[in-house]
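A.B. asks: Sharing entry28.cif here; it has mmCIF, C-alpha atoms.
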```cif
data_entry
loop_
_atom_site.label_atom_id
_atom_site.label_comp_id
_atom_site.auth_asym_id
_atom_site.auth_seq_id
_atom_site.Cartn_x
_atom_site.Cartn_y
_atom_site.Cartn_z
CA ALA A 1 -1.73 -104.29 -263.55
CA LEU A 2 -3.02 -101.06 -262.01
CA ASN A 3 -0.96 -97.98 -262.77
CA ILE A 4 0.68 -96.00 -260.01
CA PHE A 5 -2.12 -93.45 -259.76
CA TYR A 6 -4.70 -96.09 -258.80
CA VAL A 7 -2.36 -98.06 -256.53
CA THR A 8 -1.40 -95.03 -254.45
CA LEU A 9 -5.03 -93.87 -254.38
CA ILE A 10 -6.10 -97.23 -252.93
CA LEU A 11 -3.26 -97.19 -250.38
CA ASP A 12 -3.96 -93.59 -249.40
CA PHE A 13 -7.69 -93.90 -248.79
CA GLY A 14 -7.36 -97.44 -247.48
CA LEU A 15 -5.15 -96.20 -244.66
CA GLN A 16 -7.51 -93.32 -243.90
CA LEU A 17 -10.52 -95.66 -243.80
CA VAL A 18 -8.87 -98.25 -241.53
CA PHE A 19 -7.47 -95.74 -239.06
CA GLY A 20 -10.52 -93.53 -239.34
CA VAL A 21 -12.74 -96.39 -238.16
CA LEU A 22 -10.22 -97.20 -235.42
CA SER A 23 -10.25 -93.53 -234.39
CA ILE A 24 -14.06 -93.65 -234.11
CA ILE A 25 -13.98 -96.84 -232.04
CA LEU A 26 -11.31 -95.52 -229.67
CA LYS A 27 -12.75 -91.99 -229.72
CA THR A 28 -9.34 -90.43 -230.20
CA GLU A 29 -7.68 -88.18 -232.74
CA LYS A 30 -4.14 -88.51 -231.40
CA PHE A 31 -2.74 -90.53 -234.31
CA TYR A 32 -4.44 -88.49 -237.07
CA ASP A 33 -1.40 -86.45 -238.10
CA PHE A 34 0.96 -89.37 -237.56
CA ILE A 35 -1.01 -91.52 -240.00
CA GLY A 36 -1.03 -88.61 -242.45
CA ALA A 37 2.77 -88.65 -242.33
CA ILE A 38 2.93 -92.44 -242.74
CA THR A 39 0.61 -92.20 -245.74
CA HIS A 40 2.84 -89.62 -247.44
CA ILE A 41 5.91 -91.79 -246.90
CA SER A 42 4.21 -95.03 -247.99
CA CYS A 43 2.75 -93.52 -251.17
CA ALA A 44 6.02 -91.79 -252.07
CA PHE A 45 8.15 -94.92 -251.86
CA LEU A 46 5.48 -97.11 -253.42
CA GLY A 47 5.40 -94.67 -256.34
CA ALA A 48 9.16 -94.52 -256.69
CA PHE A 49 9.66 -98.30 -256.72
CA TYR A 50 6.39 -99.59 -258.18
CA GLY A 51 7.10 -101.86 -261.13
CA TRP A 52 10.85 -101.31 -260.92
CA ASP A 53 13.09 -104.11 -262.16
CA ALA A 54 15.91 -104.21 -259.63
CA SER A 55 18.08 -106.24 -262.01
CA LYS A 56 18.40 -103.24 -264.33
CA ALA A 57 20.83 -100.36 -263.89
CA VAL A 58 19.60 -97.32 -262.01
CA THR A 59 18.77 -94.63 -264.57
CA GLU A 60 18.96 -90.90 -264.06
CA ALA A 61 15.17 -90.73 -263.84
CA LYS A 62 15.03 -93.52 -261.24
CA LEU A 63 17.60 -91.70 -259.12
CA VAL A 64 15.51 -88.53 -259.40
CA GLN A 65 12.42 -90.51 -258.35
CA ILE A 66 14.20 -91.92 -255.30
CA ILE A 67 15.47 -88.50 -254.25
CA GLN A 68 11.95 -87.12 -254.67
CA ALA A 69 10.52 -89.85 -252.43
CA VAL A 70 13.21 -89.16 -249.82
CA CYS A 71 12.38 -85.43 -249.85
CA ILE A 72 8.68 -86.09 -249.30
CA SER A 73 9.54 -88.53 -246.51
CA LEU A 74 11.86 -86.06 -244.79
CA TRP A 75 9.07 -83.49 -244.66
CA ALA A 76 6.40 -86.01 -243.61
CA GLY A 77 8.60 -87.64 -240.98
CA LYS A 78 9.54 -84.30 -239.45
CA LEU A 79 6.01 -82.91 -239.42
CA GLY A 80 4.40 -86.16 -238.30
CA ALA A 81 6.81 -86.57 -235.38
CA PHE A 82 6.41 -82.93 -234.34
CA LEU A 83 2.60 -82.97 -234.44
CA PHE A 84 2.39 -86.37 -232.73
CA TYR A 85 4.66 -85.15 -229.93
CA ARG A 86 2.58 -81.99 -229.59
CA VAL A 87 -0.78 -83.77 -229.35
CA ILE A 88 0.57 -86.32 -226.87
CA LYS A 89 1.96 -83.52 -224.71
CA ALA A 90 -1.26 -81.48 -224.93
CA GLY A 91 -3.50 -84.52 -224.42
CA SER A 92 -5.86 -83.65 -227.28
CA ASP A 93 -6.24 -81.71 -230.51
CA SER A 94 -8.72 -78.84 -230.30
CA ARG A 95 -9.59 -79.26 -234.00
CA PHE A 96 -11.43 -82.49 -233.16
CA GLU A 97 -13.30 -81.58 -229.98
CA ASP A 98 -16.69 -81.61 -231.73
CA ALA A 99 -15.82 -84.14 -234.43
CA LYS A 100 -14.99 -86.85 -231.88
CA LYS A 101 -18.62 -86.78 -230.77
CA LYS A 102 -19.89 -87.34 -234.33
CA PRO A 103 -18.51 -90.51 -235.99
CA LEU A 104 -19.48 -89.50 -239.52
CA VAL A 105 -17.88 -86.07 -239.17
CA LEU A 106 -14.71 -87.65 -237.78
CA LEU A 107 -14.56 -90.07 -240.71
CA ILE A 108 -14.97 -87.16 -243.13
CA TYR A 109 -11.94 -85.53 -241.48
CA TRP A 110 -9.96 -88.68 -242.25
CA MET A 111 -11.14 -88.77 -245.86
CA LEU A 112 -10.19 -85.12 -246.29
CA GLN A 113 -6.73 -86.04 -245.09
CA GLY A 114 -6.64 -88.61 -247.87
CA VAL A 115 -7.46 -85.90 -250.41
CA TRP A 116 -4.74 -83.67 -248.94
CA VAL A 117 -2.12 -86.43 -249.17
CA TYR A 118 -3.02 -87.27 -252.76
CA LEU A 119 -2.87 -83.65 -253.89
CA ASN A 120 0.52 -83.23 -252.23
CA ILE A 121 2.06 -86.22 -254.00
CA LEU A 122 0.27 -85.87 -257.36
CA PRO A 123 3.10 -83.95 -259.13
CA SER A 124 5.51 -86.63 -257.96
CA LEU A 125 3.19 -89.39 -259.19
CA PHE A 126 3.56 -87.99 -262.71
CA LEU A 127 7.33 -88.15 -262.18
CA PHE A 128 7.12 -91.76 -260.96
CA TYR A 129 4.86 -92.72 -263.88
CA SER A 130 7.01 -91.02 -266.52
CA SER A 131 8.81 -93.08 -269.14
CA THR A 132 11.43 -90.34 -269.58
CA THR A 133 14.85 -91.70 -268.56
CA THR A 134 17.01 -88.59 -268.94
CA SER A 135 16.45 -84.85 -269.15
CA LYS A 136 18.57 -81.92 -270.25
CA LEU A 137 16.79 -79.97 -267.50
CA LEU A 138 18.14 -82.00 -264.59
CA TYR A 139 19.42 -78.73 -263.12
CA VAL A 140 15.76 -77.63 -262.77
CA SER A 141 15.15 -80.63 -260.51
CA ILE A 142 18.19 -79.64 -258.47
CA ILE A 143 16.82 -76.10 -258.13
CA GLY A 144 13.52 -77.63 -256.96
CA TRP A 145 15.28 -79.69 -254.29
CA VAL A 146 17.22 -76.63 -253.11
CA LEU A 147 13.90 -74.79 -252.72
CA PHE A 148 12.49 -77.80 -250.91
CA LEU A 149 15.41 -77.91 -248.46
CA PHE A 150 15.18 -74.16 -247.89
CA GLY A 151 11.46 -74.45 -247.13
CA LEU A 152 11.96 -77.50 -244.91
CA VAL A 153 14.71 -75.83 -242.88
CA PHE A 154 12.68 -72.61 -242.62
CA GLU A 155 9.64 -74.52 -241.38
CA THR A 156 11.64 -76.72 -239.00
CA VAL A 157 13.59 -73.86 -237.43
CA SER A 158 10.46 -71.75 -236.93
CA ASP A 159 8.62 -74.69 -235.33
CA TYR A 160 11.61 -75.32 -233.05
CA GLN A 161 11.86 -71.66 -232.07
CA LYS A 162 8.18 -71.52 -231.17
CA THR A 163 8.36 -74.77 -229.20
CA VAL A 164 11.31 -73.47 -227.16
CA PHE A 165 9.46 -70.19 -226.62
CA ARG A 166 6.30 -71.92 -225.40
CA ASN A 167 8.21 -74.29 -223.12
CA ASN A 168 9.68 -71.35 -221.21
CA PRO A 169 7.31 -70.61 -218.28
CA ALA A 170 8.33 -66.94 -218.43
CA ASN A 171 6.62 -66.68 -221.82
CA LYS A 172 3.22 -67.92 -220.69
CA GLY A 173 0.50 -65.80 -222.25
CA ARG A 174 2.94 -63.96 -224.51
CA PHE A 175 3.35 -64.02 -228.31
CA ILE A 176 6.63 -64.79 -230.04
CA THR A 177 8.48 -62.03 -231.90
CA SER A 178 12.01 -63.46 -231.96
CA GLY A 179 13.99 -65.47 -234.50
CA LEU A 180 12.21 -66.12 -237.78
CA TRP A 181 9.03 -64.85 -236.13
CA SER A 182 10.56 -61.37 -236.23
CA ILE A 183 10.44 -61.31 -240.05
CA SER A 184 7.21 -63.26 -240.63
CA ARG A 185 4.19 -63.86 -238.43
CA HIS A 186 3.84 -67.35 -239.91
CA PRO A 187 7.33 -68.49 -241.00
CA ASN A 188 6.39 -72.16 -240.67
CA TYR A 189 3.61 -71.72 -243.22
CA PHE A 190 5.95 -69.81 -245.53
CA GLY A 191 8.39 -72.73 -245.41
CA GLU A 192 5.56 -75.20 -246.07
CA ILE A 193 4.44 -73.35 -249.20
CA VAL A 194 7.97 -73.01 -250.57
CA LEU A 195 8.85 -76.67 -250.10
CA TRP A 196 5.79 -77.93 -252.00
CA PHE A 197 6.53 -75.64 -254.93
CA GLY A 198 10.06 -77.03 -254.79
CA ILE A 199 8.68 -80.58 -255.05
CA PHE A 200 6.66 -79.61 -258.13
CA ILE A 201 9.64 -77.93 -259.80
CA ALA A 202 11.85 -80.97 -259.14
CA ALA A 203 9.32 -83.26 -260.84
CA ALA A 204 8.54 -81.05 -263.85
CA PRO A 205 11.57 -81.85 -266.12
CA TYR A 206 10.46 -85.49 -266.30
CA PHE A 207 6.79 -84.94 -267.12
CA ASP A 208 5.96 -86.72 -270.38
CA THR A 209 2.48 -85.26 -270.78
CA ASN A 210 1.40 -81.64 -270.83
CA TRP A 211 -1.46 -82.47 -268.48
CA ALA A 212 1.08 -83.08 -265.73
CA PHE A 213 1.98 -79.39 -265.63
CA PHE A 214 -1.52 -78.65 -264.34
CA THR A 215 -0.40 -80.22 -261.06
CA VAL A 216 1.12 -76.84 -260.27
CA LEU A 217 -2.40 -76.30 -258.95
CA CYS A 218 -1.58 -78.71 -256.10
CA PRO A 219 1.00 -76.50 -254.31
CA THR A 220 -1.06 -73.48 -255.35
CA LEU A 221 -4.11 -74.92 -253.55
CA THR A 222 -1.93 -75.57 -250.51
CA ALA A 223 -0.84 -71.93 -250.53
CA LEU A 224 -4.41 -70.69 -250.89
CA GLN A 225 -5.73 -73.03 -248.21
CA ILE A 226 -3.05 -71.90 -245.75
CA SER A 227 -3.42 -68.21 -246.60
CA PHE A 228 -7.18 -67.82 -246.76
CA PHE A 229 -8.93 -70.74 -245.08
CA SER A 230 -7.74 -73.14 -242.38
CA GLY A 231 -4.29 -71.78 -241.63
CA ILE A 232 -3.48 -68.10 -241.25
CA PRO A 233 -7.02 -66.70 -240.77
CA LEU A 234 -7.73 -68.99 -237.80
CA LEU A 235 -4.47 -68.11 -236.09
CA GLU A 236 -4.75 -64.43 -236.90
CA ASN A 237 -8.23 -64.20 -235.37
CA GLY A 238 -7.07 -66.19 -232.37
CA GLY A 239 -4.17 -63.81 -231.87
CA LEU A 240 -6.44 -60.80 -232.12
CA LYS A 241 -8.75 -62.20 -229.44
CA ARG A 242 -5.86 -62.89 -227.06
CA TRP A 243 -3.64 -59.85 -227.54
CA GLY A 244 -5.79 -57.26 -229.33
CA ASN A 245 -5.48 -54.82 -226.41
CA ASP A 246 -1.69 -55.13 -226.13
CA PRO A 247 0.16 -52.08 -227.57
CA GLU A 248 3.29 -54.19 -228.24
CA TYR A 249 1.16 -56.60 -230.16
CA ALA A 250 -0.25 -53.78 -232.27
CA LYS A 251 3.28 -52.65 -233.11
CA TYR A 252 4.19 -56.22 -234.07
CA LEU A 253 1.24 -56.37 -236.45
CA GLY A 254 2.22 -53.16 -238.14
CA SER A 255 5.89 -54.02 -238.63
CA VAL A 256 6.07 -57.74 -239.48
CA SER A 257 4.79 -59.39 -242.66
CA VAL A 258 1.97 -61.88 -242.27
CA LEU A 259 3.63 -64.54 -244.45
CA VAL A 260 6.47 -63.68 -246.84
CA PRO A 261 9.45 -62.33 -244.84
CA PHE A 262 10.02 -58.58 -245.22
CA PHE A 263 7.17 -58.35 -247.75
CA MET A 264 4.58 -55.97 -246.34
CA CYS A 265 2.99 -54.56 -249.50
CA CYS A 266 0.56 -57.42 -250.11
CA GLU A 267 -1.00 -58.89 -246.98
CA CYS A 268 -2.94 -62.10 -247.67
CA TYR A 269 -5.25 -61.62 -244.71
CA LYS A 270 -6.85 -58.56 -243.18
CA VAL A 271 -8.51 -58.35 -239.80
CA PRO A 272 -12.09 -57.00 -240.02
CA LEU A 273 -12.19 -53.39 -238.89
CA THR A 274 -14.16 -52.34 -235.84
CA ALA A 275 -16.55 -49.43 -235.70
CA GLY A 276 -13.71 -47.39 -234.23
CA GLU A 277 -10.72 -45.84 -235.98
CA GLU A 278 -10.28 -47.06 -239.53
CA GLY A 279 -7.32 -49.31 -240.19
CA LYS A 280 -6.81 -50.36 -236.55
CA PRO A 281 -7.61 -53.69 -234.89
CA ALA A 282 -9.93 -54.15 -231.95
CA GLY A 283 -8.27 -52.90 -228.80
CA TYR A 284 -5.91 -50.57 -230.65
CA ASN A 285 -4.76 -47.57 -228.66
CA SER A 286 -4.78 -44.36 -230.71
CA THR A 287 -1.48 -43.27 -229.12
CA ASP A 288 0.35 -46.17 -230.81
CA GLN A 289 1.93 -45.40 -234.16
CA LEU A 290 1.11 -47.79 -237.01
CA PRO A 291 1.64 -47.47 -240.78
CA GLU A 292 -0.68 -44.87 -242.22
CA ASN A 293 -3.86 -46.09 -243.94
CA GLU A 294 -2.96 -49.76 -243.39
CA ALA A 295 -5.56 -52.28 -242.23
CA VAL A 296 -3.71 -54.25 -239.57
CA PRO A 297 -3.84 -58.06 -239.47
CA ALA A 298 -3.55 -60.11 -236.30
CA ALA A 299 -0.53 -62.17 -235.26
CA ASN A 300 0.47 -65.75 -234.68
CA VAL A 301 -0.74 -67.95 -231.87
#
```
Could you render the structure as structure tokens?
C.D. replies:
Amino acid sequence: ALNIFYVTLILDFGLQLVFGVLSIILKTEKFYDFIGAITHISCAFLGAFYGWDASKAVTEAKLVQIIQAVCISLWAGKLGAFLFYRVIKAGSDSRFEDAKKKPLVLLIYWMLQGVWVYLNILPSLFLFYSSTTTSKLLYVSIIGWVLFLFGLVFETVSDYQKTVFRNNPANKGRFITSGLWSISRHPNYFGEIVLWFGIFIAAAPYFDTNWAFFTVLCPTLTALQISFFSGIPLLENGGLKRWGNDPEYAKYLGSVSVLVPFFMCCECYKVPLTAGEEGKPAGYNSTDQLPENEAVPAANV
């Protein structure tokens, strides 16, 4: 029989291939994120119960595996429902405007989603595959789940606050600075990073091979991808283009951390400086007071 790594790999990319082809035929991207969520949930529960003999007593490790699958499903279900609702309400996803016109590019997007799913669940796959039945470090798993729940709540609340803000007609064209967005310009991304490190920590006590600990690279890659590639930089540049001439926006940039709440000493993204005053974004008014000698990033969208 195939081990859990191959079975989940086949399920993961099988779903992306089937729905990717369907997406090309229908020329729509609306169910992209929803299928990503379904894939997370399917792989998590397949991993937790694959090869399990239901006639045997539930061991400590099996209970840990089930809780881990539930945690992944909570995150995936929440995010999938939120993103599906958002794309249905908006009518389209701007990420796919060009890709929809190029079938091969669109299919590559789907395959990349398969890679993303597999990297997210890989630490948990080592937990599901483990032959360890008990661990003296069960409390470490509990700490991991607490971190996961903290990150999930942080992400969910920030998404909710931004949705409420955007749904208020009085806020049209404005940027959010209230709630969790008053202590981080991207609190949803902060929650996302924390919860995936929590998932890794929860799995670690049951690893039965040292190679499994290298899967710490999976949440690390998520953090790097969000901080330096497809997440924060895109939104920061978008914010700069929309509100770069707004003095209130400039003050927001200079007083609120880009990612980690209250942590201003190490910004993960800097806006390119203009030919004007050093350390100030495009559109900055020299009468506005910002932290001395600080290159100012842009804000959320």
A.B. asks: If the PyMOL selection byres ((chain A and resi 101) around 12) were run on this exact file, what residues would it hold? Put them as a compact mmCIF listing (two decimals) with C-alpha atoms, in the frame of the given file.
C.D. replies:
```txt
# COMPACT_ATOMS: atom_id res chain seq x y z
CA SER A 23 -10.25 -93.53 -234.39
CA ILE A 24 -14.06 -93.65 -234.11
CA ILE A 25 -13.98 -96.84 -232.04
CA LEU A 26 -11.31 -95.52 -229.67
CA LYS A 27 -12.75 -91.99 -229.72
CA THR A 28 -9.34 -90.43 -230.20
CA GLU A 29 -7.68 -88.18 -232.74
CA PHE A 96 -11.43 -82.49 -233.16
CA GLU A 97 -13.30 -81.58 -229.98
CA ASP A 98 -16.69 -81.61 -231.73
CA ALA A 99 -15.82 -84.14 -234.43
CA LYS A 100 -14.99 -86.85 -231.88
CA LYS A 102 -19.89 -87.34 -234.33
CA PRO A 103 -18.51 -90.51 -235.99
CA LEU A 104 -19.48 -89.50 -239.52
CA VAL A 105 -17.88 -86.07 -239.17
CA LEU A 106 -14.71 -87.65 -237.78
CA LEU A 107 -14.56 -90.07 -240.71
```
A.B. asks: Go through A:Tyr139, A:Phe45, A:Phe214, A:Trp110 and flag the residue nearest Pro123 in chain A, using all atoms listed in the file for the distances.
C.D. replies: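 Ranking A:Tyr139, A:Phe45, A:Phe214, A:Trp110 by distance to Pro123 in chain A, first place goes to A:Phe214.
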A.B. asks: Using Å and a single decimal, report how far CA of Gly191 in chain A sits from CA of Phe154 in chain A.
C.D. replies: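 Value for the CA of Phe154 in chain A-CA of Gly191 in chain A distance: 5.1 Å.
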A.B. asks: Which residues, written as a ChimeraX atom specification, have at least one atom at most 10 Å from Asn120 in chain A, with only C-alpha atoms counted and residues fewer than 2 positions away on the same chain left out?
C.D. replies: /A:40,72,114-118,122-125,196,199-200,215,218-219,221-222
A.B. asks: Applied to the shown file, which residues does the PyMOL selection byres ((chain A and resi 251-256) around 6) return, written as a list of chain:residue names?
C.D. replies: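 That selection, the PyMOL selection byres ((chain A and resi 251-256) around 6), comes back as A:Ile183, A:Ser184, A:Glu248, A:Tyr249, A:Ala250, A:Ser257, A:Leu290.
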A.B. asks: Kindly indicate which residue among A:Phe84, A:Trp145, A:Phe165, A:Phe263 lies nearest to Ser178 in chain A, using only C-alpha atoms for the distances.
C.D. replies: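 Once distances to Ser178 in chain A are computed over only C-alpha atoms, the minimum belongs to A:Phe165.
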A.B. asks: With distances taken over all atoms listed in the file, which of A:Ala81, A:Leu9, A:Leu22, A:Val58 is nearest to Leu46 in chain A?
C.D. replies: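 For Leu46 in chain A, the nearest of the candidates is A:Leu9.
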A.B. asks: Excluding range 179-181 of chain A and its own-chain neighbours fewer than 6 positions away, which residues fall within 8 Å of it when counting all atoms listed in the file? Please give them as a list of chain:residue names.
C.D. replies: A:Val157, A:Ser158, A:Gln161, A:Pro187
A.B. asks: Please indicate the distance in Å from CA of Phe5 in chain A to CA of Gly198 in chain A, rounded to one decimal place.
C.D. replies: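 Separation between CA of Phe5 in chain A and CA of Gly198 in chain A: 21.0 Å.
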A.B. asks: Using CA of Gly77 in chain A and CA of Ile38 in chain A as the two end points, give the distance in Å to one decimal.
C.D. replies: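 That distance, rounded to one decimal, is 7.6 Å.
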A.B. asks: Would you kindly return, as a short mmCIF file (atom, residue, chain, number, x, y, z; two decimals) with C-alpha atoms, in the frame of the given file, each protein, DNA or RNA residue with an atom no farther than 8 Å from any atom of Leu127 in chain A, considering all atoms listed in the file and excluding same-chain residues fewer than 2 positions away?
C.D. replies:
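The result, written out as out03.cif:
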```cif
data_model
loop_
_atom_site.label_atom_id
_atom_site.label_comp_id
_atom_site.auth_asym_id
_atom_site.auth_seq_id
_atom_site.Cartn_x
_atom_site.Cartn_y
_atom_site.Cartn_z
CA GLN A 65 12.42 -90.51 -258.35
CA PRO A 123 3.10 -83.95 -259.13
CA SER A 124 5.51 -86.63 -257.96
CA LEU A 125 3.19 -89.39 -259.19
CA TYR A 129 4.86 -92.72 -263.88
CA SER A 130 7.01 -91.02 -266.52
CA ALA A 203 9.32 -83.26 -260.84
CA ALA A 204 8.54 -81.05 -263.85
CA TYR A 206 10.46 -85.49 -266.30
CA PHE A 207 6.79 -84.94 -267.12
#
```
A.B. asks: Measuring atom to atom with only C-alpha atoms, identify which of A:Val194, A:Val18, A:Ser73, A:Phe126 is nearest to Asn210 in chain A.
C.D. replies: A:Phe126
A.B. asks: Return range 182-203 of chain A, completed with N, CA, C and O atoms, as a PDB file, in the coordinates of the input.
C.D. replies:
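Okay, this is what ended up in rebuild25.pdb:
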```
ATOM      1  N   SER A 182      10.362 -62.819-236.191  1.00  0.00           N
ATOM      2  CA  SER A 182      10.560 -61.370-236.230  1.00  0.00           C
ATOM      3  C   SER A 182      10.508 -60.843-237.666  1.00  0.00           C
ATOM      4  O   SER A 182      10.458 -59.624-237.873  1.00  0.00           O
ATOM      5  N   ILE A 183      10.505 -61.739-238.652  1.00  0.00           N
ATOM      6  CA  ILE A 183      10.440 -61.310-240.050  1.00  0.00           C
ATOM      7  C   ILE A 183       9.192 -61.841-240.759  1.00  0.00           C
ATOM      8  O   ILE A 183       8.887 -61.454-241.880  1.00  0.00           O
ATOM      9  N   SER A 184       8.468 -62.739-240.106  1.00  0.00           N
ATOM     10  CA  SER A 184       7.210 -63.260-240.630  1.00  0.00           C
ATOM     11  C   SER A 184       6.356 -63.710-239.464  1.00  0.00           C
ATOM     12  O   SER A 184       6.858 -64.321-238.521  1.00  0.00           O
ATOM     13  N   ARG A 185       5.067 -63.426-239.513  1.00  0.00           N
ATOM     14  CA  ARG A 185       4.190 -63.860-238.430  1.00  0.00           C
ATOM     15  C   ARG A 185       3.839 -65.347-238.545  1.00  0.00           C
ATOM     16  O   ARG A 185       3.336 -65.936-237.590  1.00  0.00           O
ATOM     17  N   HIS A 186       4.094 -65.922-239.707  1.00  0.00           N
ATOM     18  CA  HIS A 186       3.840 -67.350-239.910  1.00  0.00           C
ATOM     19  C   HIS A 186       4.963 -67.968-240.753  1.00  0.00           C
ATOM     20  O   HIS A 186       4.735 -68.472-241.851  1.00  0.00           O
ATOM     21  N   PRO A 187       6.193 -67.963-240.233  1.00  0.00           N
ATOM     22  CA  PRO A 187       7.330 -68.490-241.000  1.00  0.00           C
ATOM     23  C   PRO A 187       7.222 -69.980-241.299  1.00  0.00           C
ATOM     24  O   PRO A 187       7.729 -70.446-242.329  1.00  0.00           O
ATOM     25  N   ASN A 188       6.555 -70.725-240.403  1.00  0.00           N
ATOM     26  CA  ASN A 188       6.390 -72.160-240.670  1.00  0.00           C
ATOM     27  C   ASN A 188       5.517 -72.390-241.896  1.00  0.00           C
ATOM     28  O   ASN A 188       5.801 -73.273-242.724  1.00  0.00           O
ATOM     29  N   TYR A 189       4.469 -71.597-242.044  1.00  0.00           N
ATOM     30  CA  TYR A 189       3.610 -71.720-243.220  1.00  0.00           C
ATOM     31  C   TYR A 189       4.334 -71.274-244.490  1.00  0.00           C
ATOM     32  O   TYR A 189       4.142 -71.846-245.568  1.00  0.00           O
ATOM     33  N   PHE A 190       5.165 -70.251-244.381  1.00  0.00           N
ATOM     34  CA  PHE A 190       5.950 -69.810-245.530  1.00  0.00           C
ATOM     35  C   PHE A 190       6.857 -70.951-246.006  1.00  0.00           C
ATOM     36  O   PHE A 190       6.941 -71.237-247.211  1.00  0.00           O
ATOM     37  N   GLY A 191       7.532 -71.608-245.060  1.00  0.00           N
ATOM     38  CA  GLY A 191       8.390 -72.730-245.410  1.00  0.00           C
ATOM     39  C   GLY A 191       7.610 -73.863-246.055  1.00  0.00           C
ATOM     40  O   GLY A 191       8.072 -74.487-247.024  1.00  0.00           O
ATOM     41  N   GLU A 192       6.421 -74.133-245.531  1.00  0.00           N
ATOM     42  CA  GLU A 192       5.560 -75.200-246.070  1.00  0.00           C
ATOM     43  C   GLU A 192       5.196 -74.927-247.533  1.00  0.00           C
ATOM     44  O   GLU A 192       5.266 -75.816-248.390  1.00  0.00           O
ATOM     45  N   ILE A 193       4.822 -73.710-247.835  1.00  0.00           N
ATOM     46  CA  ILE A 193       4.440 -73.350-249.200  1.00  0.00           C
ATOM     47  C   ILE A 193       5.626 -73.479-250.145  1.00  0.00           C
ATOM     48  O   ILE A 193       5.521 -74.049-251.236  1.00  0.00           O
ATOM     49  N   VAL A 194       6.776 -72.966-249.728  1.00  0.00           N
ATOM     50  CA  VAL A 194       7.970 -73.010-250.570  1.00  0.00           C
ATOM     51  C   VAL A 194       8.385 -74.441-250.875  1.00  0.00           C
ATOM     52  O   VAL A 194       8.720 -74.782-252.015  1.00  0.00           O
ATOM     53  N   LEU A 195       8.365 -75.311-249.882  1.00  0.00           N
ATOM     54  CA  LEU A 195       8.850 -76.670-250.100  1.00  0.00           C
ATOM     55  C   LEU A 195       7.973 -77.457-251.071  1.00  0.00           C
ATOM     56  O   LEU A 195       8.475 -78.268-251.867  1.00  0.00           O
ATOM     57  N   TRP A 196       6.657 -77.207-251.065  1.00  0.00           N
ATOM     58  CA  TRP A 196       5.790 -77.930-252.000  1.00  0.00           C
ATOM     59  C   TRP A 196       5.932 -77.419-253.429  1.00  0.00           C
ATOM     60  O   TRP A 196       5.842 -78.190-254.390  1.00  0.00           O
ATOM     61  N   PHE A 197       6.208 -76.129-253.585  1.00  0.00           N
ATOM     62  CA  PHE A 197       6.530 -75.640-254.930  1.00  0.00           C
ATOM     63  C   PHE A 197       7.862 -76.223-255.397  1.00  0.00           C
ATOM     64  O   PHE A 197       8.055 -76.509-256.575  1.00  0.00           O
ATOM     65  N   GLY A 198       8.791 -76.399-254.460  1.00  0.00           N
ATOM     66  CA  GLY A 198      10.060 -77.030-254.790  1.00  0.00           C
ATOM     67  C   GLY A 198       9.872 -78.464-255.281  1.00  0.00           C
ATOM     68  O   GLY A 198      10.519 -78.896-256.253  1.00  0.00           O
ATOM     69  N   ILE A 199       8.979 -79.207-254.643  1.00  0.00           N
ATOM     70  CA  ILE A 199       8.680 -80.580-255.050  1.00  0.00           C
ATOM     71  C   ILE A 199       8.111 -80.617-256.468  1.00  0.00           C
ATOM     72  O   ILE A 199       8.488 -81.463-257.298  1.00  0.00           O
ATOM     73  N   PHE A 200       7.214 -79.684-256.782  1.00  0.00           N
ATOM     74  CA  PHE A 200       6.660 -79.610-258.130  1.00  0.00           C
ATOM     75  C   PHE A 200       7.745 -79.309-259.157  1.00  0.00           C
ATOM     76  O   PHE A 200       7.832 -79.955-260.207  1.00  0.00           O
ATOM     77  N   ILE A 201       8.583 -78.320-258.864  1.00  0.00           N
ATOM     78  CA  ILE A 201       9.640 -77.930-259.800  1.00  0.00           C
ATOM     79  C   ILE A 201      10.609 -79.083-260.039  1.00  0.00           C
ATOM     80  O   ILE A 201      11.049 -79.313-261.175  1.00  0.00           O
ATOM     81  N   ALA A 202      10.928 -79.833-258.998  1.00  0.00           N
ATOM     82  CA  ALA A 202      11.850 -80.970-259.140  1.00  0.00           C
ATOM     83  C   ALA A 202      11.275 -82.050-260.054  1.00  0.00           C
ATOM     84  O   ALA A 202      12.010 -82.729-260.780  1.00  0.00           O
ATOM     85  N   ALA A 203       9.963 -82.217-260.029  1.00  0.00           N
ATOM     86  CA  ALA A 203       9.320 -83.260-260.840  1.00  0.00           C
ATOM     87  C   ALA A 203       9.140 -82.839-262.294  1.00  0.00           C
ATOM     88  O   ALA A 203       9.186 -83.678-263.208  1.00  0.00           O
TER      89      ALA A 203
END
```
